[in-house]
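**Q** If you scroll down you'll find the structure; I have some questions about it.
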Amino acid sequence: MHALVTSTIAELGRQVRTRDGELRGQPRDESGVLVFKGIPYAAPPVGPLRWRAPQPPAPWHGVRDALMFGAGCLSSLENDPRPGARSEDCLYLNVWTAAKAVDEKRPVMVWIHGGGFQFGSSANPATDGSLLAAKGVVVVSFNYRLGIFGFLAHPDLDTQAPSGNYGLQDQLAALRWVKANIAAFGGDPDNVTLFGESAGAMAVGILMASPRARGLFHKAIGESGAFWDGSHGPLQSFDEARARGRAFARRQGDASIAALRAMPAEQLNLSVPWSFERDHVTEAFSPSIDRYVVPDVPARRFLRGEQMHIPLLAGWNSAEEFPFMSQSLPAQSAQAFRTAAGAIFGKQRLADFQKLYPADTDAQAKASAATLTGDMVVGEQCWQALRLHRRSTRALTYGYHFNYTSPYTPIASHVTEIPFVFGTLTPQRLIGSTTPPAEADRALSQAMMSYWVNFAMRGNPNGPGLPSWPAYDETDVVQILGTTIEAGPNPQAARFGFLGSLRDDGVLPMRWRDGADGTRRTRAV
């Protein structure tokens with residue numbers, strides 16, 4: 001009788017009790033995966049809780065349905081075409097698990113979505129966690145506050161703790177929820193891998209460098225992001241972020257924080273639209289050095305070995321520049337590009353620059369401008385994260401370069417690896433492709449899913465039937481994820497080395513805040 005009771009207690013079904021109350025998820029799918037959607041991990045950040053640290057959710061009585069995604073956070077992207085409800089009340093997460101018993105202690109993978117900290121949500125069909133969960137991990141995804149709601153800094157908000165990084169504090173709250181509750185879903189709270197892409201990967205790197213995240217995750221995967229550096233230099237300083245907040249309040253008629261909290265959410269959001277023509281690092285409400293969650297420039301923390309000493313897998317795509325071309329240096333002619341480059345990199349380094357980013361013809365200048373954009377916005381900092389982490393820790397480190405193309409993915413652009421990682425193989429609309437996936441695409445996806453799951457399980461992506469992936473070291477060998485999967489030299493090493501040589505104490509030049517014409521690039525909003 002005792003054994004029967006123990007077995008019943010250990011069984012995991014679609015009804016799960018968390019610390020806040022009982023949930024009812026969807027029935028198991030054909031692969032045995034349970035999914036629970038729209039779980040509140042924090043109180044709605046509305047009214048007096050706007051621009052406050054996330055607060056615990058209110059417990060509930062009875063059984064709460066967890067069948068639909070919660071509303072996504074309000075998007076700052078102009079004319080955002082993405083479907084789905086959006087609301088200021090958006091702090092919800094989702095869980096996918098194929099565990100049969102609550103005591104299985106499966107590895108946990110927590111996904112942070114991208115979108116420049118301005119748009120995006122956990123309801124993206126490309127990041128459905130079902131197929132990864134079927135491979136033996138518990139997958140969690142969540143929303144976090146974006147744009148002005150997530151990253152307004154202002155002296156009048158600094159009364160309890162430094163302001164500015166509420167979106168990052170949401171991420172920490174989601175990780176604390178995982179630590180407290182994931183065992184009820186068959187997950188192991190002591191084996192959590194944080195992974196994300198673009199801004200999600202930037203968040204992974206930022207949190208690796210944050211003392212407030214220690215103990216909340218144990219491995220990290222960064223896809224196309226690391227430090228929240230950009231083509232205009234490092235993330236906003238403490239003073240820059242507050243200057244931006246004060247400037248915004250002045251534009252609203254010298255509004256007080258109380259008045260700004262009283263503004264309707266949609267009105268507030270529409271007052272600070274963002275587009276890809278503006279740098280999301282320094283020209284938007286986004287992560288800053290708040291001396292609380294972010295104590296210093298993340299790259300400097302890595303340089304000094306002050307980041308978490310945990311296994312890291314990170315990499316970049318071969319055409320990262322694709323969505324960011326509007327931020328490129330002027331390249332209407334070879335002369336215009338050389339002039340702009342000279343203003344940014346200095347005449348003393350221009351000869352070295354031109355060897356790597358040639359501009360002998362107008363066509364060559366246009367190609368070099370595109371390459372430079374991808375390197376500055378994404379690629380170089382991913383490389384820096386790998387080499388600095390490898391240099392300062394004994395934890396295993398793995399690097400990759402995604403250059404796969406096919407009719408389904410004709411350009412290895414920013415974000416195109418995501419459907420391969422999740423196995424969803426959804427249409428690659430960012431690059432204008434609606435061609436369905438073929439067998440080769442499915443084969444690469446299966447390999448990448450296995451690599452990612454193996455890493456989440458053991459801190460090492462290698463496993464039976466997979467091409468060997470060597471640990472990253474001073475030889476700068478990375479795993480090439482292309483039509484052939486194989487280890488090879490970093491194909492962008494020389495360019496990254498040049499850009500990296502411009503860092504001082506890990507920090508990109510502050511003079512990059514100024515444009516090629518000498519005008520200040522960081523604008524008040």
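In the structure tokens, the first chain shown is A, the next is B, and so on; residue numbers restart at 1 for each chain, and ligands run from 1 in the order shown.
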What are the nearest atom pairs, with distances in Å to one decimal, for all residues of region 405-490 of chain A that come at most 9 Å from region 223-228 of chain A, using only C-alpha atoms, set out by chain and rising residue number as a Markdown table?
**A**
| residue | atom | partner | partner_atom | distance |
| --- | --- | --- | --- | --- |
| A:His414 | CA | A:Ser224 | CA | 7.2 |
| A:Val415 | CA | A:Ser224 | CA | 8.0 |
| A:Glu417 | CA | A:Glu223 | CA | 8.4 |
| A:Ile418 | CA | A:Glu223 | CA | 8.6 |
**Q** Compile the contact shell of Ala133 (chain A) as a list in words: residues with an atom at most 7 Å away, counting only C-alpha atoms, same-chain residues fewer than 3 positions apart removed.
**A**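 The residues that qualify are Val33, Trp96, Thr97, Ala98, Gly129, Ser130, Gly136, Val137, Val138 and Val139 of chain A.
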**Q** Within 6 Å of Asn317 (chain A), counting only C-alpha atoms, which residues show up once you throw out same-chain ones fewer than 6 positions away? Write them as a PyMOL selection string, please.
**A** chain A and resi 401-403+412
**Q** So that I can check the secondary structure, give me every residue of region 83-328 of chain A assigned strand (DSSP E) by backbone DSSP, as a PyMOL selection string.
**A** chain A and resi 92-97+106-112+138-142+187-197+219-223+312-317
**Q** Kindly export the residues of the current selection with N, CA and C atoms, as a short mmCIF file (atom, residue, chain, number, x, y, z; two decimals), in the first residue's frame.
**A**
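selection.cif, written as the output of this step:
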data_model
loop_
_atom_site.label_atom_id
_atom_site.label_comp_id
_atom_site.auth_asym_id
_atom_site.auth_seq_id
_atom_site.Cartn_x
_atom_site.Cartn_y
_atom_site.Cartn_z
N TYR A 92 4.54 36.39 -17.80
CA TYR A 92 4.09 35.00 -17.81
C TYR A 92 5.17 34.11 -18.43
N LEU A 93 5.16 32.86 -18.03
CA LEU A 93 6.12 31.90 -18.58
C LEU A 93 5.41 30.61 -18.98
N ASN A 94 6.15 29.75 -19.67
CA ASN A 94 5.62 28.51 -20.23
C ASN A 94 6.60 27.37 -19.94
N VAL A 95 6.06 26.17 -19.77
CA VAL A 95 6.88 25.00 -19.46
C VAL A 95 6.49 23.85 -20.38
N TRP A 96 7.50 23.20 -20.98
CA TRP A 96 7.30 21.97 -21.75
C TRP A 96 8.08 20.86 -21.05
N THR A 97 7.44 19.73 -20.81
CA THR A 97 8.12 18.61 -20.16
C THR A 97 7.54 17.29 -20.63
N ARG A 106 15.13 16.16 -14.72
CA ARG A 106 15.63 16.38 -16.08
C ARG A 106 16.33 17.73 -16.17
N PRO A 107 17.35 17.83 -17.02
CA PRO A 107 17.99 19.14 -17.24
C PRO A 107 16.96 20.17 -17.71
N VAL A 108 17.17 21.41 -17.32
CA VAL A 108 16.24 22.49 -17.65
C VAL A 108 16.91 23.47 -18.60
N MET A 109 16.20 23.86 -19.65
CA MET A 109 16.68 24.87 -20.58
C MET A 109 15.72 26.05 -20.55
N VAL A 110 16.22 27.21 -20.15
CA VAL A 110 15.40 28.42 -20.02
C VAL A 110 15.75 29.37 -21.16
N TRP A 111 14.78 29.67 -22.00
CA TRP A 111 14.98 30.46 -23.22
C TRP A 111 14.62 31.92 -22.97
N ILE A 112 15.53 32.83 -23.42
CA ILE A 112 15.25 34.28 -23.41
C ILE A 112 15.11 34.73 -24.86
N VAL A 138 13.59 19.77 -19.82
CA VAL A 138 12.42 20.59 -19.52
C VAL A 138 12.71 21.99 -20.05
N VAL A 139 11.82 22.53 -20.88
CA VAL A 139 12.03 23.82 -21.53
C VAL A 139 11.12 24.87 -20.90
N VAL A 140 11.69 26.03 -20.62
CA VAL A 140 10.94 27.15 -20.08
C VAL A 140 11.19 28.37 -20.96
N SER A 141 10.14 29.12 -21.27
CA SER A 141 10.30 30.41 -21.94
C SER A 141 9.43 31.43 -21.21
N PHE A 142 9.75 32.71 -21.38
CA PHE A 142 9.00 33.73 -20.63
C PHE A 142 9.06 35.07 -21.34
N GLY A 187 11.81 18.68 -13.49
CA GLY A 187 13.08 19.31 -13.82
C GLY A 187 14.02 19.38 -12.63
N ASP A 188 15.28 19.60 -12.92
CA ASP A 188 16.32 19.68 -11.90
C ASP A 188 16.71 21.15 -11.70
N PRO A 189 16.35 21.75 -10.57
CA PRO A 189 16.70 23.16 -10.36
C PRO A 189 18.19 23.41 -10.21
N ASP A 190 18.97 22.34 -10.06
CA ASP A 190 20.41 22.48 -9.95
C ASP A 190 21.14 22.18 -11.26
N ASN A 191 20.38 22.07 -12.35
CA ASN A 191 20.97 21.86 -13.67
C ASN A 191 20.18 22.66 -14.70
N VAL A 192 20.38 23.98 -14.66
CA VAL A 192 19.64 24.92 -15.51
C VAL A 192 20.59 25.53 -16.52
N THR A 193 20.24 25.45 -17.79
CA THR A 193 20.98 26.10 -18.87
C THR A 193 20.17 27.30 -19.35
N LEU A 194 20.78 28.47 -19.30
CA LEU A 194 20.14 29.67 -19.82
C LEU A 194 20.59 29.85 -21.27
N PHE A 195 19.63 29.97 -22.18
CA PHE A 195 20.00 30.15 -23.58
C PHE A 195 19.10 31.19 -24.23
N GLY A 196 19.66 31.88 -25.21
CA GLY A 196 18.91 32.93 -25.89
C GLY A 196 19.62 33.35 -27.16
N GLU A 197 18.92 34.17 -27.95
CA GLU A 197 19.45 34.63 -29.23
C GLU A 197 19.30 36.14 -29.32
N LYS A 219 24.77 26.64 -16.74
CA LYS A 219 25.39 26.58 -18.06
C LYS A 219 24.76 27.70 -18.89
N ALA A 220 25.44 28.08 -19.95
CA ALA A 220 24.95 29.19 -20.76
C ALA A 220 25.19 28.93 -22.24
N ILE A 221 24.20 29.30 -23.05
CA ILE A 221 24.31 29.24 -24.51
C ILE A 221 23.93 30.62 -25.05
N GLY A 222 24.84 31.22 -25.81
CA GLY A 222 24.58 32.52 -26.42
C GLY A 222 24.61 32.42 -27.93
N GLU A 223 23.49 32.67 -28.56
CA GLU A 223 23.38 32.64 -30.01
C GLU A 223 23.34 34.08 -30.53
N LEU A 312 30.13 27.27 -21.24
CA LEU A 312 29.56 28.23 -22.18
C LEU A 312 29.66 27.69 -23.60
N LEU A 313 28.57 27.79 -24.33
CA LEU A 313 28.52 27.49 -25.76
C LEU A 313 28.02 28.75 -26.45
N ALA A 314 28.77 29.27 -27.41
CA ALA A 314 28.38 30.54 -28.03
C ALA A 314 28.87 30.58 -29.46
N GLY A 315 28.17 31.38 -30.28
CA GLY A 315 28.57 31.52 -31.66
C GLY A 315 27.77 32.56 -32.40
N TRP A 316 28.00 32.65 -33.70
CA TRP A 316 27.40 33.70 -34.52
C TRP A 316 27.15 33.13 -35.91
N ASN A 317 26.35 33.87 -36.69
CA ASN A 317 26.00 33.47 -38.05
C ASN A 317 26.83 34.26 -39.05
#
**Q** Looking at A:Val507, A:Ala43, A:Val35, A:Ala370, which one is nearest to Glu320 (chain A), with distances taken over only C-alpha atoms?
**A**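 The answer is A:Ala370, which sits nearest to Glu320 (chain A).
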**Q** Calculated over only C-alpha atoms, which of the candidates A:Ala71, A:Leu268, A:Met448, A:Ala53 has the smallest distance to Gln169 (chain A)?
**A**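 The answer is A:Ala53, which sits nearest to Gln169 (chain A).
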**Q** So which residues of region 150-280 of chain A fall under alpha helix (DSSP H) by DSSP, listed as a PyMOL selection string?
**A** chain A and resi 150-151+166-181+199-208+238-251+257-262+265-270
**Q** Please dump the current selection as an mmCIF file, in the first residue's frame; keep C-alpha atoms.
**A**
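Once written, again.cif looks like this:
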data_model
loop_
_atom_site.group_PDB
_atom_site.id
_atom_site.type_symbol
_atom_site.label_atom_id
_atom_site.label_comp_id
_atom_site.auth_asym_id
_atom_site.auth_seq_id
_atom_site.Cartn_x
_atom_site.Cartn_y
_atom_site.Cartn_z
ATOM 1 C CA GLY A 150 11.616 47.619 -19.041
ATOM 2 C CA PHE A 151 14.499 50.073 -19.134
ATOM 3 C CA TYR A 166 13.508 46.209 -14.904
ATOM 4 C CA GLY A 167 13.472 43.873 -17.903
ATOM 5 C CA LEU A 168 16.631 42.192 -16.628
ATOM 6 C CA GLN A 169 15.113 42.011 -13.150
ATOM 7 C CA ASP A 170 12.145 40.218 -14.736
ATOM 8 C CA GLN A 171 14.560 37.664 -16.156
ATOM 9 C CA LEU A 172 16.041 37.119 -12.710
ATOM 10 C CA ALA A 173 12.528 36.706 -11.281
ATOM 11 C CA ALA A 174 11.723 34.075 -13.927
ATOM 12 C CA LEU A 175 14.911 32.201 -13.012
ATOM 13 C CA ARG A 176 13.996 32.347 -9.327
ATOM 14 C CA TRP A 177 10.581 30.913 -10.228
ATOM 15 C CA VAL A 178 12.322 28.066 -12.048
ATOM 16 C CA LYS A 179 14.527 27.382 -9.036
ATOM 17 C CA ALA A 180 11.505 27.241 -6.736
ATOM 18 C CA ASN A 181 9.043 25.356 -8.962
ATOM 19 C CA ALA A 199 19.051 40.374 -27.204
ATOM 20 C CA GLY A 200 18.332 37.073 -25.458
ATOM 21 C CA ALA A 201 21.989 36.093 -25.861
ATOM 22 C CA MET A 202 23.045 39.574 -24.760
ATOM 23 C CA ALA A 203 20.970 38.983 -21.623
ATOM 24 C CA VAL A 204 22.723 35.662 -21.087
ATOM 25 C CA GLY A 205 26.097 37.412 -21.187
ATOM 26 C CA ILE A 206 24.919 40.270 -18.993
ATOM 27 C CA LEU A 207 23.527 37.871 -16.388
ATOM 28 C CA MET A 208 26.715 35.778 -16.476
ATOM 29 C CA PHE A 238 24.676 55.109 -15.408
ATOM 30 C CA ASP A 239 24.620 58.832 -16.229
ATOM 31 C CA GLU A 240 23.667 58.403 -19.894
ATOM 32 C CA ALA A 241 20.663 56.260 -18.986
ATOM 33 C CA ARG A 242 19.420 58.845 -16.492
ATOM 34 C CA ALA A 243 19.956 61.672 -18.941
ATOM 35 C CA ARG A 244 17.795 59.768 -21.418
ATOM 36 C CA GLY A 245 15.091 59.301 -18.779
ATOM 37 C CA ARG A 246 15.128 62.976 -17.769
ATOM 38 C CA ALA A 247 14.975 64.042 -21.422
ATOM 39 C CA PHE A 248 11.954 61.837 -21.974
ATOM 40 C CA ALA A 249 10.171 63.279 -18.922
ATOM 41 C CA ARG A 250 10.833 66.819 -20.204
ATOM 42 C CA ARG A 251 9.315 65.915 -23.550
ATOM 43 C CA ILE A 257 7.189 59.771 -12.221
ATOM 44 C CA ALA A 258 3.687 59.745 -10.716
ATOM 45 C CA ALA A 259 2.347 61.405 -13.866
ATOM 46 C CA LEU A 260 4.228 58.983 -16.100
ATOM 47 C CA ARG A 261 2.825 56.066 -14.111
ATOM 48 C CA ALA A 262 -0.644 57.457 -14.666
ATOM 49 C CA ALA A 265 0.304 52.207 -21.356
ATOM 50 C CA GLU A 266 -0.371 52.464 -25.088
ATOM 51 C CA GLN A 267 0.090 56.227 -25.060
ATOM 52 C CA LEU A 268 3.363 55.887 -23.194
ATOM 53 C CA ASN A 269 4.574 53.189 -25.563
ATOM 54 C CA LEU A 270 3.671 55.136 -28.700
#
**Q** So which residues touch Ile480 (chain A) within 9 Å, counting only C-alpha atoms, skipping near sequence neighbours fewer than 6 positions away, as an MDAnalysis selection string?
**A** chainID A and resid 399:404 486:490
**Q** Kindly save the residues from that selection, with C-alpha atoms included, as a PDB file, in the first residue's frame.
**A**
ATOM      1  CA  GLY A 399      32.275  28.034 -30.169  1.00  0.00           C
ATOM      2  CA  TYR A 400      30.321  27.737 -33.408  1.00  0.00           C
ATOM      3  CA  HIS A 401      29.934  29.519 -36.736  1.00  0.00           C
ATOM      4  CA  PHE A 402      26.562  29.003 -38.458  1.00  0.00           C
ATOM      5  CA  ASN A 403      26.901  29.413 -42.222  1.00  0.00           C
ATOM      6  CA  TYR A 404      24.270  26.970 -43.451  1.00  0.00           C
ATOM      7  CA  GLU A 486      32.988  20.052 -39.044  1.00  0.00           C
ATOM      8  CA  ALA A 487      35.504  21.816 -36.821  1.00  0.00           C
ATOM      9  CA  GLY A 488      37.553  24.508 -38.514  1.00  0.00           C
ATOM     10  CA  PRO A 489      39.443  27.773 -38.013  1.00  0.00           C
ATOM     11  CA  ASN A 490      37.327  30.807 -37.187  1.00  0.00           C
TER      12      ASN A 490
END
**Q** Please provide the set of residues having any atom within 12 Å of Pro125 (chain A), restricted to only C-alpha atoms, with same-chain residues fewer than 2 positions apart removed, written as a list in words.
**A**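 Listing them by chain and then by number gives Phe69, Arg82, Pro83, Gly84, His113, Gly120, Ser121, Ser122, Ala123, Thr127, Asp128, Gly129, Ser130, Ser141, Ile418, Pro419, Phe422, Gly423, Thr424, Leu425, Thr426, Pro427 and Gln428 of chain A.
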**Q** For N, CA and C atoms, I'd like the residues from the last selection saved as a PDB file, in the first residue's frame.
**A**
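Wrote it out as selection09.pdb, contents follow:
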ATOM      1  N   PHE A  69      -0.890  30.993 -24.128  1.00  0.00           N
ATOM      2  CA  PHE A  69       0.176  31.934 -23.819  1.00  0.00           C
ATOM      3  C   PHE A  69      -0.403  33.188 -23.164  1.00  0.00           C
ATOM      4  N   ARG A  82       3.927  41.436 -35.753  1.00  0.00           N
ATOM      5  CA  ARG A  82       3.787  40.138 -35.096  1.00  0.00           C
ATOM      6  C   ARG A  82       2.404  39.990 -34.466  1.00  0.00           C
ATOM      7  N   PRO A  83       1.781  38.830 -34.671  1.00  0.00           N
ATOM      8  CA  PRO A  83       0.435  38.618 -34.134  1.00  0.00           C
ATOM      9  C   PRO A  83       0.456  38.345 -32.633  1.00  0.00           C
ATOM     10  N   GLY A  84      -0.734  38.323 -32.043  1.00  0.00           N
ATOM     11  CA  GLY A  84      -0.855  37.971 -30.638  1.00  0.00           C
ATOM     12  C   GLY A  84      -1.166  39.171 -29.770  1.00  0.00           C
ATOM     13  N   HIS A 113      13.953  35.259 -25.208  1.00  0.00           N
ATOM     14  CA  HIS A 113      13.734  35.665 -26.600  1.00  0.00           C
ATOM     15  C   HIS A 113      14.509  36.942 -26.924  1.00  0.00           C
ATOM     16  N   GLY A 120       9.224  41.321 -29.324  1.00  0.00           N
ATOM     17  CA  GLY A 120       9.345  39.871 -29.191  1.00  0.00           C
ATOM     18  C   GLY A 120       8.538  39.342 -28.025  1.00  0.00           C
ATOM     19  N   SER A 121       8.338  38.012 -28.028  1.00  0.00           N
ATOM     20  CA  SER A 121       7.611  37.365 -26.939  1.00  0.00           C
ATOM     21  C   SER A 121       7.941  35.879 -26.921  1.00  0.00           C
ATOM     22  N   SER A 122       7.474  35.211 -25.896  1.00  0.00           N
ATOM     23  CA  SER A 122       7.707  33.772 -25.764  1.00  0.00           C
ATOM     24  C   SER A 122       6.717  32.950 -26.581  1.00  0.00           C
ATOM     25  N   ALA A 123       5.784  33.610 -27.257  1.00  0.00           N
ATOM     26  CA  ALA A 123       4.764  32.893 -28.034  1.00  0.00           C
ATOM     27  C   ALA A 123       5.170  32.684 -29.484  1.00  0.00           C
ATOM     28  N   THR A 127       9.908  29.105 -31.517  1.00  0.00           N
ATOM     29  CA  THR A 127      10.544  28.707 -30.262  1.00  0.00           C
ATOM     30  C   THR A 127       9.629  27.841 -29.402  1.00  0.00           C
ATOM     31  N   ASP A 128       8.719  27.130 -30.035  1.00  0.00           N
ATOM     32  CA  ASP A 128       7.927  26.127 -29.310  1.00  0.00           C
ATOM     33  C   ASP A 128       8.871  25.061 -28.754  1.00  0.00           C
ATOM     34  N   GLY A 129       8.741  24.764 -27.470  1.00  0.00           N
ATOM     35  CA  GLY A 129       9.696  23.877 -26.818  1.00  0.00           C
ATOM     36  C   GLY A 129       9.391  22.401 -26.884  1.00  0.00           C
ATOM     37  N   SER A 130       8.364  22.003 -27.610  1.00  0.00           N
ATOM     38  CA  SER A 130       7.908  20.610 -27.588  1.00  0.00           C
ATOM     39  C   SER A 130       8.978  19.618 -28.048  1.00  0.00           C
ATOM     40  N   SER A 141      10.142  29.123 -21.269  1.00  0.00           N
ATOM     41  CA  SER A 141      10.304  30.413 -21.936  1.00  0.00           C
ATOM     42  C   SER A 141       9.435  31.429 -21.212  1.00  0.00           C
ATOM     43  N   ILE A 418      17.522  29.844 -35.296  1.00  0.00           N
ATOM     44  CA  ILE A 418      16.571  29.535 -34.218  1.00  0.00           C
ATOM     45  C   ILE A 418      15.666  28.356 -34.560  1.00  0.00           C
ATOM     46  N   PRO A 419      15.023  28.308 -35.742  1.00  0.00           N
ATOM     47  CA  PRO A 419      14.159  27.158 -36.034  1.00  0.00           C
ATOM     48  C   PRO A 419      14.908  25.828 -36.071  1.00  0.00           C
ATOM     49  N   PHE A 422      15.327  24.710 -32.238  1.00  0.00           N
ATOM     50  CA  PHE A 422      14.089  24.200 -31.639  1.00  0.00           C
ATOM     51  C   PHE A 422      13.446  23.086 -32.456  1.00  0.00           C
ATOM     52  N   GLY A 423      13.935  22.835 -33.662  1.00  0.00           N
ATOM     53  CA  GLY A 423      13.366  21.795 -34.503  1.00  0.00           C
ATOM     54  C   GLY A 423      12.061  22.168 -35.160  1.00  0.00           C
ATOM     55  N   THR A 424      11.635  23.430 -35.017  1.00  0.00           N
ATOM     56  CA  THR A 424      10.331  23.835 -35.540  1.00  0.00           C
ATOM     57  C   THR A 424      10.367  24.082 -37.045  1.00  0.00           C
ATOM     58  N   LEU A 425      11.510  24.532 -37.562  1.00  0.00           N
ATOM     59  CA  LEU A 425      11.696  24.798 -38.991  1.00  0.00           C
ATOM     60  C   LEU A 425      10.535  25.608 -39.574  1.00  0.00           C
ATOM     61  N   THR A 426      10.166  26.643 -38.853  1.00  0.00           N
ATOM     62  CA  THR A 426       9.129  27.570 -39.306  1.00  0.00           C
ATOM     63  C   THR A 426       9.667  28.435 -40.446  1.00  0.00           C
ATOM     64  N   PRO A 427       8.793  29.083 -41.223  1.00  0.00           N
ATOM     65  CA  PRO A 427       9.260  29.878 -42.367  1.00  0.00           C
ATOM     66  C   PRO A 427      10.276  30.953 -41.959  1.00  0.00           C
ATOM     67  N   GLN A 428      11.299  31.137 -42.797  1.00  0.00           N
ATOM     68  CA  GLN A 428      12.354  32.121 -42.540  1.00  0.00           C
ATOM     69  C   GLN A 428      11.937  33.473 -43.136  1.00  0.00           C
TER      70      GLN A 428
END
**Q** Looking at A:Pro295, A:Pro323, A:Gly13, A:Gly482, which one is nearest to Pro211 (chain A), with distances taken over only C-alpha atoms?
**A**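 Checking each candidate against Pro211 (chain A), we get A:Pro295 as the closest.
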**Q** Considering only C-alpha atoms, return as a list of chain:residue names whatever protein or nucleic-acid residues lie within 10 Å of Phe302 (chain A), sequence-local ones (same chain, fewer than 3 positions apart) excluded.
**A**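 Contacts, with the query itself left out: A:Gly205, A:Ile206, A:Met208, A:Ala209, A:Phe227, A:Val297, A:Pro298, A:Ala299, A:Gly305, A:Glu306, A:Gln307, A:Met308, A:His309, A:Gln384, A:Ala385, A:Leu386, A:Arg387, A:Leu388, A:His389, A:Arg390, A:Arg391, A:Ser392, A:Thr393, A:Gly506.
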**Q** So that I can see what lies close to Trp469 (chain A), please list as a PyMOL selection string the residues with an atom at most 12 Å from it, counting only C-alpha atoms and leaving out residues fewer than 2 positions away in the same chain.
**A** chain A and resi 313+396-401+447-448+451-452+454-455+460-467+471-472+477-481+485-488
**Q** For the residues in the current selection, export N, CA and C atoms as a tab-separated table (two decimals), in the first residue's frame.
**A**
chain	number	residue	atom	x	y	z
A	313	LEU	N	28.57	27.79	-24.33
A	313	LEU	CA	28.52	27.49	-25.76
A	313	LEU	C	28.02	28.75	-26.45
A	396	LEU	N	34.43	24.30	-19.44
A	396	LEU	CA	34.48	24.01	-20.87
A	396	LEU	C	33.75	25.08	-21.67
A	397	THR	N	34.34	25.45	-22.79
A	397	THR	CA	33.81	26.48	-23.66
A	397	THR	C	33.78	25.94	-25.09
A	398	TYR	N	32.68	26.21	-25.80
A	398	TYR	CA	32.51	25.72	-27.17
A	398	TYR	C	32.03	26.85	-28.06
A	399	GLY	N	32.66	27.00	-29.23
A	399	GLY	CA	32.27	28.03	-30.17
A	399	GLY	C	31.73	27.45	-31.47
A	400	TYR	N	30.85	28.19	-32.11
A	400	TYR	CA	30.32	27.74	-33.41
A	400	TYR	C	30.21	28.90	-34.38
A	401	HIS	N	30.17	28.56	-35.65
A	401	HIS	CA	29.93	29.52	-36.74
A	401	HIS	C	28.86	28.90	-37.62
A	447	ALA	N	20.77	17.50	-35.66
A	447	ALA	CA	22.12	17.57	-35.10
A	447	ALA	C	22.26	18.72	-34.12
A	448	MET	N	21.73	19.89	-34.48
A	448	MET	CA	21.86	21.05	-33.59
A	448	MET	C	21.05	20.86	-32.31
A	451	TYR	N	23.12	18.60	-30.14
A	451	TYR	CA	24.24	19.32	-29.54
A	451	TYR	C	23.78	20.17	-28.35
A	452	TRP	N	22.70	20.92	-28.56
A	452	TRP	CA	22.22	21.83	-27.50
A	452	TRP	C	21.72	21.03	-26.28
A	454	ASN	N	22.60	17.92	-25.41
A	454	ASN	CA	23.76	17.30	-24.77
A	454	ASN	C	24.49	18.30	-23.87
A	455	PHE	N	24.63	19.52	-24.37
A	455	PHE	CA	25.30	20.55	-23.58
A	455	PHE	C	24.50	20.84	-22.31
A	460	ASN	N	28.66	19.56	-22.30
A	460	ASN	CA	29.48	19.13	-23.43
A	460	ASN	C	28.52	18.75	-24.57
A	461	PRO	N	28.63	19.37	-25.75
A	461	PRO	CA	27.66	19.09	-26.81
A	461	PRO	C	27.85	17.76	-27.50
A	462	ASN	N	28.98	17.11	-27.31
A	462	ASN	CA	29.27	15.88	-28.05
A	462	ASN	C	28.40	14.72	-27.59
A	463	GLY	N	28.16	13.79	-28.54
A	463	GLY	CA	27.37	12.62	-28.25
A	463	GLY	C	27.41	11.65	-29.40
A	464	PRO	N	26.86	10.45	-29.22
A	464	PRO	CA	26.89	9.42	-30.26
A	464	PRO	C	26.27	9.91	-31.56
A	465	GLY	N	26.94	9.58	-32.67
A	465	GLY	CA	26.41	9.88	-34.00
A	465	GLY	C	26.60	11.31	-34.45
A	466	LEU	N	27.25	12.15	-33.65
A	466	LEU	CA	27.44	13.56	-34.01
A	466	LEU	C	28.90	13.81	-34.39
A	467	PRO	N	29.16	14.67	-35.38
A	467	PRO	CA	30.54	15.06	-35.66
A	467	PRO	C	31.18	15.67	-34.41
A	471	ALA	N	36.53	21.42	-27.80
A	471	ALA	CA	36.42	22.57	-26.90
A	471	ALA	C	37.21	23.73	-27.49
A	472	TYR	N	36.73	24.93	-27.23
A	472	TYR	CA	37.37	26.14	-27.73
A	472	TYR	C	38.66	26.40	-26.96
A	477	VAL	N	39.54	27.47	-32.98
A	477	VAL	CA	38.79	26.53	-33.81
A	477	VAL	C	37.35	26.49	-33.31
A	478	VAL	N	36.41	26.60	-34.25
A	478	VAL	CA	34.99	26.57	-33.91
A	478	VAL	C	34.31	25.47	-34.72
A	479	GLN	N	33.10	25.11	-34.28
A	479	GLN	CA	32.33	24.14	-35.03
A	479	GLN	C	31.58	24.85	-36.14
A	480	ILE	N	31.84	24.46	-37.38
A	480	ILE	CA	31.15	25.05	-38.52
A	480	ILE	C	29.84	24.31	-38.71
A	481	LEU	N	28.75	25.00	-38.51
A	481	LEU	CA	27.42	24.42	-38.70
A	481	LEU	C	26.92	24.85	-40.07
A	485	ILE	N	28.99	19.61	-41.29
A	485	ILE	CA	29.32	19.98	-39.91
A	485	ILE	C	30.72	19.49	-39.61
A	486	GLU	N	31.60	20.43	-39.30
A	486	GLU	CA	32.99	20.05	-39.04
A	486	GLU	C	33.68	21.17	-38.27
A	487	ALA	N	34.70	20.82	-37.53
A	487	ALA	CA	35.50	21.82	-36.82
A	487	ALA	C	36.45	22.48	-37.80
A	488	GLY	N	36.65	23.79	-37.63
A	488	GLY	CA	37.55	24.51	-38.51
A	488	GLY	C	37.96	25.84	-37.92
**Q** Nearest residue to Gln332 (chain A) out of A:Gly346, A:Ala367, A:Gly114, A:Thr282, using only C-alpha atoms?
**A** A:Ala367
**Q** Record the distance separating CA of Pro162 (chain A) and CA of Glu78 (chain A), expressed in Å with one decimal.
**A**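 Taking CA of Pro162 (chain A) and CA of Glu78 (chain A), their separation equals 28.8 Å.
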